[in-house]
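Source file: input.txt; contents: compact mmCIF, C-alpha atoms.
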```txt
# COMPACT_ATOMS: atom_id res chain seq x y z
CA MET S 1 -81.68 -50.09 -21.28
CA LYS S 2 -77.93 -50.55 -21.53
CA THR S 3 -76.29 -53.70 -22.81
CA TYR S 4 -72.90 -54.76 -21.59
CA VAL S 5 -69.95 -56.83 -22.72
CA LYS S 6 -69.33 -59.11 -19.76
CA ARG S 7 -66.45 -61.27 -18.61
CA ASP S 8 -66.00 -63.91 -15.95
CA PHE S 9 -65.39 -62.38 -12.54
CA PRO S 10 -63.65 -64.21 -9.66
CA VAL S 11 -66.32 -65.29 -7.18
CA HIS S 12 -64.15 -64.47 -4.17
CA LYS S 13 -64.14 -60.82 -5.29
CA ALA S 14 -67.94 -60.52 -5.18
CA ARG S 15 -67.55 -58.15 -2.22
CA GLN S 16 -66.22 -55.48 -4.58
CA ILE S 17 -69.70 -55.22 -6.04
CA LEU S 18 -71.99 -56.31 -3.21
CA GLU S 19 -70.36 -54.83 -0.09
CA PRO S 20 -71.18 -51.23 -1.14
CA GLY S 21 -74.84 -52.19 -0.68
CA PRO S 22 -76.62 -52.03 -4.06
CA ILE S 23 -80.21 -53.00 -4.56
CA VAL S 24 -80.15 -56.27 -6.50
CA LEU S 25 -82.60 -58.25 -8.60
CA VAL S 26 -82.91 -61.92 -7.72
CA SER S 27 -83.99 -64.23 -10.52
CA SER S 28 -85.24 -67.73 -9.83
CA ALA S 29 -86.79 -70.72 -11.59
CA TYR S 30 -88.58 -73.87 -10.45
CA LYS S 31 -90.42 -76.25 -12.73
CA ASN S 32 -92.42 -74.00 -15.08
CA ASP S 33 -92.16 -70.84 -13.00
CA VAL S 34 -89.62 -68.07 -13.41
CA ASN S 35 -89.53 -64.88 -11.38
CA ILE S 36 -87.59 -61.78 -10.44
CA MET S 37 -87.67 -59.90 -7.15
CA THR S 38 -85.88 -56.84 -5.77
CA MET S 39 -83.71 -57.31 -2.70
CA GLY S 40 -81.93 -54.85 -0.45
CA TRP S 41 -81.26 -56.96 2.62
CA HIS S 42 -78.06 -58.85 1.81
CA THR S 43 -74.51 -59.11 3.10
CA VAL S 44 -71.25 -60.70 2.12
CA MET S 45 -70.41 -63.46 4.64
CA GLU S 46 -67.18 -65.05 3.37
CA PHE S 47 -64.59 -64.70 0.60
CA SER S 48 -63.98 -68.36 -0.14
CA PRO S 49 -66.34 -70.09 -0.39
CA SER S 50 -68.00 -66.93 -1.65
CA LEU S 51 -70.99 -66.67 0.70
CA ILE S 52 -73.87 -64.20 0.62
CA GLY S 53 -76.59 -64.02 3.27
CA CYS S 54 -79.93 -62.42 2.42
CA VAL S 55 -83.52 -62.05 3.55
CA ILE S 56 -86.25 -63.18 1.15
CA ALA S 57 -89.70 -62.64 2.66
CA SER S 58 -91.83 -65.75 2.71
CA SER S 59 -94.73 -63.75 1.26
CA ASN S 60 -92.76 -63.37 -1.94
CA PHE S 61 -93.58 -65.61 -4.93
CA SER S 62 -89.82 -66.09 -5.31
CA PHE S 63 -89.50 -67.58 -1.82
CA ASP S 64 -90.82 -71.02 -2.77
CA LEU S 65 -89.06 -71.03 -6.13
CA ILE S 66 -85.73 -70.44 -4.44
CA ARG S 67 -86.33 -72.69 -1.46
CA LYS S 68 -87.37 -75.59 -3.65
CA SER S 69 -84.82 -75.12 -6.45
CA LYS S 70 -82.07 -74.23 -3.92
CA GLN S 71 -80.73 -71.78 -6.49
CA CYS S 72 -80.99 -68.21 -7.71
CA VAL S 73 -79.09 -65.53 -9.60
CA ILE S 74 -78.24 -62.21 -7.97
CA ASN S 75 -78.25 -59.53 -10.68
CA VAL S 76 -76.96 -55.99 -10.12
CA PRO S 77 -78.98 -53.28 -11.92
CA THR S 78 -77.81 -49.72 -12.53
CA ALA S 79 -79.53 -46.36 -12.24
CA ASP S 80 -80.92 -46.43 -15.78
CA MET S 81 -83.05 -49.37 -14.59
CA ALA S 82 -84.55 -47.57 -11.58
CA ASN S 83 -88.12 -47.57 -12.87
CA THR S 84 -87.86 -51.24 -13.82
CA VAL S 85 -86.52 -52.08 -10.36
CA VAL S 86 -89.54 -50.38 -8.78
CA LYS S 87 -91.98 -52.15 -11.11
CA ILE S 88 -90.42 -55.52 -10.32
CA GLY S 89 -90.82 -54.83 -6.62
CA ASN S 90 -94.44 -53.78 -7.05
CA SER S 91 -95.78 -56.70 -9.06
CA ASP S 92 -96.40 -60.35 -8.30
CA GLY S 93 -94.67 -63.20 -10.05
CA ASP S 94 -97.76 -65.38 -9.93
CA GLU S 95 -99.66 -62.73 -11.91
CA VAL S 96 -97.11 -61.48 -14.41
CA ASP S 97 -94.07 -62.76 -16.33
CA LYS S 98 -91.67 -60.04 -15.24
CA PHE S 99 -89.12 -60.71 -17.99
CA LYS S 100 -91.79 -60.10 -20.66
CA ALA S 101 -93.68 -57.36 -18.86
CA PHE S 102 -90.56 -55.27 -18.22
CA ASN S 103 -88.60 -56.05 -21.41
CA LEU S 104 -85.82 -57.92 -19.68
CA THR S 105 -83.79 -60.60 -21.44
CA PRO S 106 -83.28 -63.96 -19.73
CA VAL S 107 -79.88 -65.49 -20.45
CA PRO S 108 -79.16 -69.11 -19.53
CA ALA S 109 -76.85 -69.45 -16.54
CA LYS S 110 -73.88 -71.82 -16.58
CA LYS S 111 -74.28 -73.54 -13.21
CA VAL S 112 -77.89 -72.97 -12.12
CA LYS S 113 -81.28 -73.18 -13.81
CA ALA S 114 -82.42 -69.65 -12.93
CA PRO S 115 -81.74 -67.19 -15.77
CA LEU S 116 -79.39 -64.23 -15.68
CA ILE S 117 -80.84 -60.80 -16.45
CA LYS S 118 -78.89 -59.60 -19.47
CA GLU S 119 -79.51 -55.88 -18.81
CA CYS S 120 -77.80 -56.00 -15.40
CA PHE S 121 -74.20 -54.92 -14.83
CA ALA S 122 -73.15 -58.07 -12.99
CA ASN S 123 -74.66 -61.51 -12.40
CA PHE S 124 -73.89 -63.95 -9.60
CA GLU S 125 -75.08 -67.55 -9.95
CA CYS S 126 -75.90 -68.89 -6.50
CA LYS S 127 -76.55 -72.24 -4.86
CA LEU S 128 -78.15 -72.52 -1.44
CA ALA S 129 -75.37 -73.26 1.04
CA ASP S 130 -77.27 -73.20 4.33
CA SER S 131 -81.01 -73.36 4.93
CA HIS S 132 -81.00 -73.41 8.75
CA MET S 133 -82.01 -69.76 9.11
CA ILE S 134 -84.85 -69.77 6.59
CA ASN S 135 -87.67 -70.81 8.89
CA LYS S 136 -86.85 -68.37 11.66
CA TYR S 137 -85.57 -65.33 9.74
CA ASN S 138 -86.30 -65.94 6.02
CA PHE S 139 -82.51 -65.78 5.85
CA PHE S 140 -80.80 -67.69 3.02
CA ILE S 141 -77.07 -68.31 2.82
CA PHE S 142 -75.94 -68.77 -0.78
CA GLU S 143 -72.61 -69.72 -2.30
CA ILE S 144 -71.77 -67.78 -5.44
CA VAL S 145 -70.60 -70.48 -7.84
CA LYS S 146 -70.11 -68.39 -10.99
CA ALA S 147 -69.98 -64.66 -11.71
CA VAL S 148 -69.81 -62.34 -14.69
CA LYS S 149 -69.34 -58.58 -14.68
CA ALA S 150 -69.44 -55.88 -17.34
CA VAL S 151 -66.03 -54.89 -18.67
CA ALA S 152 -66.99 -51.21 -18.39
CA PRO S 153 -67.69 -48.81 -16.78
CA MET S 154 -65.27 -49.27 -13.91
CA HIS S 155 -67.67 -47.59 -11.46
CA PRO S 156 -71.28 -48.55 -12.27
CA GLN S 157 -74.07 -46.32 -10.98
CA THR S 158 -75.65 -48.80 -8.61
CA LEU S 159 -78.94 -48.09 -6.86
CA HIS S 160 -79.23 -47.85 -3.09
CA TYR S 161 -82.54 -48.00 -1.27
CA HIS S 162 -83.36 -45.75 1.67
CA GLY S 163 -86.95 -46.88 2.34
CA GLU S 164 -90.20 -45.03 1.69
CA GLY S 165 -89.65 -45.07 -2.08
CA VAL S 166 -86.33 -43.22 -2.05
CA PHE S 167 -83.34 -44.48 -4.03
CA SER S 168 -79.93 -42.90 -4.45
CA THR S 169 -77.14 -43.32 -6.96
CA ASP S 170 -73.87 -41.42 -6.78
CA GLY S 171 -75.37 -38.95 -4.31
CA LYS S 172 -78.40 -38.16 -6.45
CA TYR S 173 -81.71 -38.98 -4.75
CA MET S 174 -84.87 -40.15 -6.52
CA ASN S 175 -88.26 -40.38 -4.86
CA LYS S 176 -90.22 -43.19 -6.53
CA ALA S 177 -92.90 -43.43 -3.84
CA LYS S 178 -95.74 -42.79 -6.29
CA ALA S 179 -94.77 -45.91 -8.22
CA PHE S 180 -94.99 -48.10 -5.11
CA THR S 181 -98.51 -49.20 -5.95
CA LYS S 182 -98.36 -52.41 -3.99
CA TYR S 183 -96.50 -51.70 -0.79
CA ARG S 184 -97.01 -48.02 -0.08
CA GLY S 185 -97.85 -47.59 3.57
CA SER S 186 -96.75 -51.10 4.55
CA PRO S 187 -93.81 -51.61 6.92
CA THR S 188 -91.72 -52.91 4.00
CA PHE S 189 -92.26 -49.74 1.98
CA MET R 1 -64.46 -33.64 12.37
CA LYS R 2 -68.08 -32.62 12.28
CA THR R 3 -70.29 -32.52 15.32
CA TYR R 4 -74.00 -33.11 15.08
CA VAL R 5 -77.17 -32.30 16.93
CA LYS R 6 -78.87 -35.68 17.28
CA ARG R 7 -82.37 -36.82 18.07
CA ASP R 8 -83.94 -40.15 18.89
CA PHE R 9 -84.64 -42.19 15.77
CA PRO R 10 -87.26 -44.97 15.61
CA VAL R 11 -85.42 -48.29 15.70
CA HIS R 12 -87.77 -49.88 13.14
CA LYS R 13 -86.58 -47.29 10.60
CA ALA R 14 -82.91 -48.29 10.91
CA ARG R 15 -83.09 -49.64 7.33
CA GLN R 16 -83.26 -46.07 6.05
CA ILE R 17 -79.64 -45.65 7.13
CA LEU R 18 -78.23 -49.18 7.00
CA GLU R 19 -79.87 -50.72 3.90
CA PRO R 20 -77.93 -48.42 1.50
CA GLY R 21 -74.81 -50.25 2.67
CA PRO R 22 -72.54 -47.80 4.51
CA ILE R 23 -69.30 -48.77 6.16
CA VAL R 24 -69.94 -48.60 9.91
CA LEU R 25 -67.84 -48.37 13.05
CA VAL R 26 -68.68 -50.87 15.78
CA SER R 27 -67.84 -49.84 19.32
CA SER R 28 -67.74 -52.34 22.15
CA ALA R 29 -66.81 -52.63 25.80
CA TYR R 30 -66.16 -55.51 28.18
CA LYS R 31 -64.71 -55.16 31.68
CA ASN R 32 -61.80 -52.70 31.27
CA ASP R 33 -61.52 -52.96 27.49
CA VAL R 34 -63.10 -50.65 24.94
CA ASN R 35 -62.63 -50.91 21.20
CA ILE R 36 -63.77 -49.77 17.76
CA MET R 37 -63.71 -51.74 14.52
CA THR R 38 -64.78 -51.03 10.95
CA MET R 39 -67.47 -53.27 9.45
CA GLY R 40 -68.84 -53.58 5.94
CA TRP R 41 -70.56 -56.96 6.09
CA HIS R 42 -73.97 -56.25 7.58
CA THR R 43 -77.62 -56.48 6.59
CA VAL R 44 -81.00 -55.48 7.92
CA MET R 45 -82.96 -58.62 8.85
CA GLU R 46 -86.25 -57.37 10.32
CA PHE R 47 -88.15 -54.16 11.00
CA SER R 48 -89.64 -55.02 14.39
CA PRO R 49 -87.82 -56.25 16.37
CA SER R 50 -85.17 -54.20 14.58
CA LEU R 51 -82.64 -56.90 13.66
CA ILE R 52 -79.23 -56.51 12.06
CA GLY R 53 -77.02 -59.42 10.99
CA CYS R 54 -73.28 -58.89 10.60
CA VAL R 55 -69.96 -60.66 10.31
CA ILE R 56 -67.29 -59.89 12.91
CA ALA R 57 -64.11 -61.87 12.24
CA SER R 58 -62.95 -63.91 15.21
CA SER R 59 -59.42 -62.57 14.72
CA ASN R 60 -60.66 -59.13 15.68
CA PHE R 61 -60.03 -57.83 19.20
CA SER R 62 -63.67 -56.70 19.20
CA PHE R 63 -64.94 -60.24 18.66
CA ASP R 64 -64.48 -61.35 22.27
CA LEU R 65 -65.61 -58.01 23.68
CA ILE R 66 -68.89 -58.27 21.79
CA ARG R 67 -69.40 -61.99 22.30
CA LYS R 68 -68.85 -61.71 26.04
CA SER R 69 -70.70 -58.44 26.65
CA LYS R 70 -73.47 -59.43 24.18
CA GLN R 71 -73.66 -55.77 23.16
CA CYS R 72 -72.23 -53.19 20.80
CA VAL R 73 -72.99 -49.85 19.17
CA ILE R 74 -73.15 -49.50 15.39
CA ASN R 75 -71.98 -45.99 14.48
CA VAL R 76 -72.32 -44.51 11.00
CA PRO R 77 -69.38 -42.33 9.92
CA THR R 78 -69.40 -39.89 7.01
CA ALA R 79 -66.90 -39.08 4.29
CA ASP R 80 -65.03 -36.49 6.35
CA MET R 81 -64.01 -39.41 8.60
CA ALA R 82 -62.58 -41.56 5.80
CA ASN R 83 -58.98 -41.43 7.01
CA THR R 84 -60.09 -42.21 10.56
CA VAL R 85 -62.14 -45.17 9.32
CA VAL R 86 -59.06 -46.57 7.56
CA LYS R 87 -56.86 -46.04 10.63
CA ILE R 88 -59.40 -47.82 12.85
CA GLY R 89 -59.43 -50.77 10.46
CA ASN R 90 -55.64 -50.91 10.38
CA SER R 91 -54.85 -50.89 14.08
CA ASP R 92 -55.38 -53.36 16.91
CA GLY R 93 -57.54 -52.69 19.93
CA ASP R 94 -55.21 -54.62 22.22
CA GLU R 95 -52.36 -52.26 21.28
CA VAL R 96 -54.04 -48.87 21.06
CA ASP R 97 -56.95 -46.98 22.62
CA LYS R 98 -58.66 -46.04 19.37
CA PHE R 99 -60.81 -43.31 20.92
CA LYS R 100 -57.71 -41.50 22.17
CA ALA R 101 -55.45 -42.30 19.23
CA PHE R 102 -57.93 -41.04 16.65
CA ASN R 103 -59.49 -38.15 18.60
CA LEU R 104 -62.92 -39.70 18.87
CA THR R 105 -65.28 -38.87 21.69
CA PRO R 106 -66.98 -41.69 23.61
CA VAL R 107 -70.51 -40.85 24.72
CA PRO R 108 -72.32 -43.07 27.23
CA ALA R 109 -75.09 -45.13 25.64
CA LYS R 110 -78.54 -45.35 27.18
CA LYS R 111 -79.17 -49.10 27.01
CA VAL R 112 -75.78 -50.75 26.57
CA LYS R 113 -72.35 -50.34 28.14
CA ALA R 114 -70.45 -49.81 24.87
CA PRO R 115 -69.95 -46.09 24.12
CA LEU R 116 -71.39 -44.20 21.18
CA ILE R 117 -68.95 -42.39 18.89
CA LYS R 118 -69.97 -38.75 19.06
CA GLU R 119 -68.49 -37.79 15.68
CA CYS R 120 -70.68 -40.27 13.79
CA PHE R 121 -73.89 -39.27 12.03
CA ALA R 122 -76.04 -41.99 13.60
CA ASN R 123 -75.65 -44.45 16.46
CA PHE R 124 -77.49 -47.72 17.00
CA GLU R 125 -77.31 -49.37 20.42
CA CYS R 126 -77.45 -53.13 19.95
CA LYS R 127 -78.01 -56.22 22.08
CA LEU R 128 -77.12 -59.69 20.84
CA ALA R 129 -80.36 -61.37 19.78
CA ASP R 130 -79.08 -64.67 18.37
CA SER R 131 -75.66 -66.26 18.81
CA HIS R 132 -76.29 -69.51 16.93
CA MET R 133 -74.39 -68.47 13.81
CA ILE R 134 -71.30 -67.10 15.54
CA ASN R 135 -69.28 -70.30 15.73
CA LYS R 136 -69.84 -71.31 12.12
CA TYR R 137 -69.91 -67.96 10.31
CA ASN R 138 -68.78 -65.29 12.82
CA PHE R 139 -72.32 -64.03 12.16
CA PHE R 140 -73.98 -62.02 14.93
CA ILE R 141 -77.67 -61.10 14.95
CA PHE R 142 -78.29 -57.94 16.97
CA GLU R 143 -81.45 -56.17 18.01
CA ILE R 144 -81.22 -52.40 17.81
CA VAL R 145 -82.69 -51.26 21.13
CA LYS R 146 -82.06 -47.51 20.86
CA ALA R 147 -81.06 -45.18 18.03
CA VAL R 148 -80.10 -41.54 17.53
CA LYS R 149 -79.53 -39.73 14.26
CA ALA R 150 -78.26 -36.28 13.33
CA VAL R 151 -81.02 -33.77 12.61
CA ALA R 152 -79.13 -32.60 9.49
CA PRO R 153 -78.07 -33.09 6.78
CA MET R 154 -80.95 -35.08 5.33
CA HIS R 155 -78.62 -37.05 3.07
CA PRO R 156 -75.32 -37.79 4.84
CA GLN R 157 -72.28 -38.63 2.75
CA THR R 158 -71.84 -42.20 3.91
CA LEU R 159 -68.79 -44.25 2.97
CA HIS R 160 -69.08 -47.43 0.91
CA TYR R 161 -66.25 -49.94 0.66
CA HIS R 162 -65.33 -51.65 -2.60
CA GLY R 163 -62.37 -53.72 -1.41
CA GLU R 164 -58.65 -53.21 -2.14
CA GLY R 165 -58.59 -49.89 -0.28
CA VAL R 166 -61.23 -48.16 -2.41
CA PHE R 167 -64.09 -46.22 -0.82
CA SER R 168 -66.83 -44.23 -2.50
CA THR R 169 -69.17 -41.53 -1.32
CA ASP R 170 -71.79 -39.92 -3.54
CA GLY R 171 -70.09 -41.31 -6.65
CA LYS R 172 -66.65 -39.97 -5.75
CA TYR R 173 -64.02 -42.69 -5.38
CA MET R 174 -61.06 -42.58 -3.01
CA ASN R 175 -58.17 -45.02 -3.09
CA LYS R 176 -56.83 -45.40 0.45
CA ALA R 177 -54.78 -48.53 -0.26
CA LYS R 178 -51.51 -46.95 0.89
CA ALA R 179 -52.99 -46.45 4.35
CA PHE R 180 -53.88 -50.15 4.68
CA THR R 181 -50.72 -50.89 6.60
CA LYS R 182 -52.03 -53.97 8.34
CA TYR R 183 -54.13 -55.84 5.83
CA ARG R 184 -52.76 -54.90 2.41
CA GLY R 185 -52.42 -58.08 0.39
CA SER R 186 -54.60 -60.19 2.68
CA PRO R 187 -57.91 -61.61 1.46
CA THR R 188 -59.79 -59.15 3.67
CA PHE R 189 -58.09 -56.13 2.08
```

If you convert what's in this file into C-alpha cells, what do you get?
Amino acid sequence: MKTYVKRDFPVHKARQILEPGPIVLVSSAYKNDVNIMTMGWHTVMEFSPSLIGCVIASSNFSFDLIRKSKQCVINVPTADMANTVVKIGNSDGDEVDKFKAFNLTPVPAKKVKAPLIKECFANFECKLADSHMINKYNFFIFEIVKAVKAVAPMHPQTLHYHGEGVFSTDGKYMNKAKAFTKYRGSPTF
Amino acid sequence: MKTYVKRDFPVHKARQILEPGPIVLVSSAYKNDVNIMTMGWHTVMEFSPSLIGCVIASSNFSFDLIRKSKQCVINVPTADMANTVVKIGNSDGDEVDKFKAFNLTPVPAKKVKAPLIKECFANFECKLADSHMINKYNFFIFEIVKAVKAVAPMHPQTLHYHGEGVFSTDGKYMNKAKAFTKYRGSPTF
C-alpha cells in the first residue's frame, strides 16, 4: 500500500475531501478495544465548527466503542486499498484485530485516543458533537477537531460505493461482490 | 441536454445512486413558487423506509418552500449538465424562474407537488420525515416515496463537488470557479 507525506489540513475545508462522497474507514478505541469499520453514509453538515453527520449501525462492533469514547477518526482510503476496504467491512472487530490482520499501521492521533490509519490519504480526528439522533437513527454528529492530508497527489483516487459489492474510482467500476462473505444478500450489501 | 427513458426504481435501492456522493438538484414547490437548488450535503440514512438526510441552508429561497410544503424532489444531474448546475447554484429563485431560465423541463411528480426535472438521470420524490434537526442544523430528513431512473447508461457520469468551484466526473476535473458569480469568496464556495 502507498505511504504518504501528510500535512495539517484546515478542518473547515474538510468538505473538499468528504463532499464528493468517498467511502471512508472509521477507526475507534475504547479501553482495550480498537477497531476499524467502513462507512459510506456520511455528509458534511457545517464548515465551522466542522461538522460531519454519519450513520453507524448499532450492530457494528464500532458502535459501542464510538458511543462510549465519544470519539473516532475518519480515514480516507484510495483505490489501491479497495480489497482491504472490503475485508474490513466483512470482518468483525470482536473477532479480529483489523490493523494486524490487514497490515494497517495505527498512528497516534493528536486530539483523540482512536488511532489514525497511516495508509489512508487523509485523516480527520473527530469528537462527538451531538448524540441526540443516535438512538432513533444511529446518526452521529461529529466535530472534526484536527485533520491531516497527503501533500500529493492533488486528486486522490477515492473509492465510491454503489451497493451490491460494486465500487467505482475515477469512472472505473470494480465488482467485489464475491469478497462480501459476511453481508452478501443482506439489505446492507 | 440528454433525454432519458426512465423506469420506476425501488426506493430502498436509492443508495445505489446517492451513496457515491453526486451533486443533486432539489426541486420544490409551494403555493405559486417553484424553485431548484444544488445540494452536495446529503447522506443515505436508512434502506426501508428509504431515508435521506440533507442540509438546506436557511438563506436559500428553497428552504421555506420545502419547510412549508414538507416535500421536494431530489434530481440527479450528469456531467453534460455541469454548467446548468453551476448556474442554478448561482442564481436566486425569488429573482428567476430557473426552469425557464435554464431550459429545464418540469414533469409532474406522482406523489408530491414539486416537479421532477426531466433532463436528470434519476428523480426521487421525497416527503419530510423528520423536522427536528431543521432549526439547529438546517438538516432535513426525507423519506423517498417514489423513484424513477434512466434505463441507460448503467453508469451515469455523475458530478461530484470538491469546493472552490471544482467538480469531477469519472476522474476528470473541471474548474468552474469563474461561473460562481454569487458565492465566490464566501465560505460556501

Taking 3 positions as the minimum chain separation for residues in the same chain, which residues sit within 12 Å of Gln16 of chain R when counting only C-alpha atoms? Answer as a ChimeraX atom specification.
/S:40-41,160-168,187-189 /R:9-13,19-22,43-44,47,50,122,149,154-156

Residues from last step as file, C-alpha atoms, as an mmCIF file, keeping the file's coordinate frame:
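selection.cif written:
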```cif
data_model
loop_
_atom_site.group_PDB
_atom_site.id
_atom_site.type_symbol
_atom_site.label_atom_id
_atom_site.label_comp_id
_atom_site.auth_asym_id
_atom_site.auth_seq_id
_atom_site.Cartn_x
_atom_site.Cartn_y
_atom_site.Cartn_z
ATOM 1 C CA GLY S 40 -81.930 -54.850 -0.450
ATOM 2 C CA TRP S 41 -81.260 -56.960 2.620
ATOM 3 C CA HIS S 160 -79.230 -47.850 -3.090
ATOM 4 C CA TYR S 161 -82.540 -48.000 -1.270
ATOM 5 C CA HIS S 162 -83.360 -45.750 1.670
ATOM 6 C CA GLY S 163 -86.950 -46.880 2.340
ATOM 7 C CA GLU S 164 -90.200 -45.030 1.690
ATOM 8 C CA GLY S 165 -89.650 -45.070 -2.080
ATOM 9 C CA VAL S 166 -86.330 -43.220 -2.050
ATOM 10 C CA PHE S 167 -83.340 -44.480 -4.030
ATOM 11 C CA SER S 168 -79.930 -42.900 -4.450
ATOM 12 C CA PRO S 187 -93.810 -51.610 6.920
ATOM 13 C CA THR S 188 -91.720 -52.910 4.000
ATOM 14 C CA PHE S 189 -92.260 -49.740 1.980
ATOM 15 C CA PHE R 9 -84.640 -42.190 15.770
ATOM 16 C CA PRO R 10 -87.260 -44.970 15.610
ATOM 17 C CA VAL R 11 -85.420 -48.290 15.700
ATOM 18 C CA HIS R 12 -87.770 -49.880 13.140
ATOM 19 C CA LYS R 13 -86.580 -47.290 10.600
ATOM 20 C CA GLU R 19 -79.870 -50.720 3.900
ATOM 21 C CA PRO R 20 -77.930 -48.420 1.500
ATOM 22 C CA GLY R 21 -74.810 -50.250 2.670
ATOM 23 C CA PRO R 22 -72.540 -47.800 4.510
ATOM 24 C CA THR R 43 -77.620 -56.480 6.590
ATOM 25 C CA VAL R 44 -81.000 -55.480 7.920
ATOM 26 C CA PHE R 47 -88.150 -54.160 11.000
ATOM 27 C CA SER R 50 -85.170 -54.200 14.580
ATOM 28 C CA ALA R 122 -76.040 -41.990 13.600
ATOM 29 C CA LYS R 149 -79.530 -39.730 14.260
ATOM 30 C CA MET R 154 -80.950 -35.080 5.330
ATOM 31 C CA HIS R 155 -78.620 -37.050 3.070
ATOM 32 C CA PRO R 156 -75.320 -37.790 4.840
#
```

Here is a test: counting all atoms listed in the file, which residue of S:Ser131, S:Ser48, S:Asn175, S:Ser59 is nearest to Val86 of chain S?
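Answer, going by the shortest atom-to-atom distance: S:Asn175.
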
Please identify all polymer residues within 10 Å of Asn138 of chain S, counting all atoms listed in the file, omitting same-chain residues fewer than 6 positions from it, and present them as a VMD selection string.
(chain S and resid 54 to 59 63 131 to 132) or (chain R and resid 45 to 46)

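Atom pair atom CA of Thr78 of chain S / atom CA of Val151 of chain S has a distance of 14.3 Å (rounded to one decimal).
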
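Interatomic distance, atom CA of Gly53 of chain R to atom CA of Asp130 of chain S: 15.3 Å.
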